[in-house]
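Trainee: One structure, pasted below without further comment.
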Amino acid sequence: MCALLLVSTAAQAASGGKFVLVIDAGHGAHDVGAMGSFSYEKDINLRVALAFGRLVEQRCQGVRVIYTRKTDVFLSLSERAQVANREKADLFVSVHTNSVEDGHITFGCETYTLTTDKAAFNLGIAKRENRITVYEGRGGKEVGFDPNKTESHIMFEFLQSQNMQQSVDFARLVQKQYARNGRVDKGVKQANLQVLREIAMPGVLTELGFISTPEEERFLNSDVGVKILSTCLYNAFCDYYAAYGHPNARPQQIALSREETARRAPKPVEGEGEAEVVPVETKKKAEEPKQKVDQTPAPEQKKIGTGED
Ligand SMILES: [Zn+2]
């Protein structure tokens, strides 16, 4: 049924033809996120989020960038998702920084999508927030859907699984860029994250690195670190936009010198025991990966910040 294949462009069509990218810098204000020896997660997230958005604004015509926050302010997880839903975003990218328990040293980046566990899906939100318009052929004819009809339910389920697939595609593109640019690639993972559960479009939560590892904290706070990480996100977005954005869009990726990035990005040295470490954000709330799909029990969370309860 060709109508089904066209729904992915519905949000875009709804925003006057612009592809809407929502960038979410995790935490803010009193919710500092993870803490390093000299910096807070919230500040790293914001710098990288703004730098990523600036690259998209400068280089991708046809994309509207919306930030959940541009300054050091607090937003709840639901408020962040609401921004994306209200703006009919085509893609949601939440930027975070990782941390592990005291004394452990670990390196690298990982990107989360929502778990495929059916229980995690919020079909109610999908029904309310997804723009259900179908464009039939050139010119487009808008068709409304009654959320209570069986065929609409099938449509919503289809949308959800399509969002899931596109989220995983973007997460893979992000990890590919991290790996290409000298970062340790910790892979694409899945978790039941509230902020991803409440959005009605493809979305990921990416962890830029470990603030608890001294070399990584220095890197995350350095100009070159912000440049490398924001470029990774931008380059991944270029590939995603070429695949799911405007058919003729070919935004140009930024080439970082491989030698340069490999030298700058911190790497573990042998014997640092990376393998035994179970990553867990030293913060509260379900925003961060707690339940992996493999159900590894997460160590007790340290309470940092006074975010939501
Ligand atoms: Zn975080």
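Order determines the names: the first chain of the structure tokens is A, the second B, and so forth; residues in each chain are numbered 1 upward, and ligands are numbered 1 upward as they are shown.
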Which polymer residues have any atom within 10 Å of an atom of Gln252 in chain A, counting only C-alpha atoms, with same-chain residues fewer than 4 positions away left out, as a ChimeraX atom specification?
Mentor: /A:59-60,234-235,238-239
Trainee: Compute the set of protein, DNA and RNA residues whose minimum atom distance to ligand 1 is at most 6 Å, using only C-alpha atoms and all ligand atoms, and state it as a list of chain:residue names.
Mentor: A:Gly26, A:Gly33, A:His96, A:Thr97, A:Glu288
Trainee: Nearest residue to Pro266 in chain A out of A:Leu114, A:Val184, A:Ala191, A:Ala242, using only C-alpha atoms?
Mentor: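 Nearest candidate to Pro266 in chain A out of A:Leu114, A:Val184, A:Ala191, A:Ala242: A:Val184.
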Trainee: From the list A:Pro202, A:Pro247, A:Gly182, A:Gly187, which residue is nearest Val22 in chain A when using only C-alpha atoms?
Mentor: A:Pro202
Trainee: Write out as a tab-separated table a residue-level contact list of range 245-269 of chain A versus range 215-219 of chain A with cut-off 12 Å: for each qualifying residue the closest pair of atoms and the distance in Å to one decimal, counting only C-alpha atoms, rows sorted by chain and residue number upward.
Mentor:
residue	atom	partner	partner_atom	distance
A:Thr261	CA	A:Phe219	CA	11.1
A:Arg263	CA	A:Phe219	CA	11.3
A:Arg264	CA	A:Phe219	CA	7.7
A:Ala265	CA	A:Phe219	CA	6.9
A:Pro266	CA	A:Glu216	CA	6.1
A:Lys267	CA	A:Glu215	CA	8.5
A:Pro268	CA	A:Glu215	CA	9.5
A:Val269	CA	A:Glu215	CA	11.5
Trainee: Point out the residue among A:Val100, A:Ala29, A:Ala84, A:Val93 with the least atom-to-atom distance to Asp72 in chain A, counting only C-alpha atoms.
Mentor: A:Ala29
Trainee: From the list A:Arg258, A:Arg54, A:Lys18, A:Lys186, which residue is nearest Tyr67 in chain A when using only C-alpha atoms?
Mentor: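 So, comparing all the options, the nearest one is A:Arg54.
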Trainee: DSSP on the backbone: what in range 181-286 of chain A comes out helix (DSSP H, G or I), as a PyMOL selection string?
Mentor: chain A and resi 194-197+214-221+223-244+258-264+274-276
Trainee: Excluding range 101-109 of chain A and residues on its chain fewer than 4 positions from it, collect all residues at most 6 Å away from it, counting only C-alpha atoms, and give them as a PyMOL selection string.
Mentor: chain A and resi 183-186+207-209+213+274
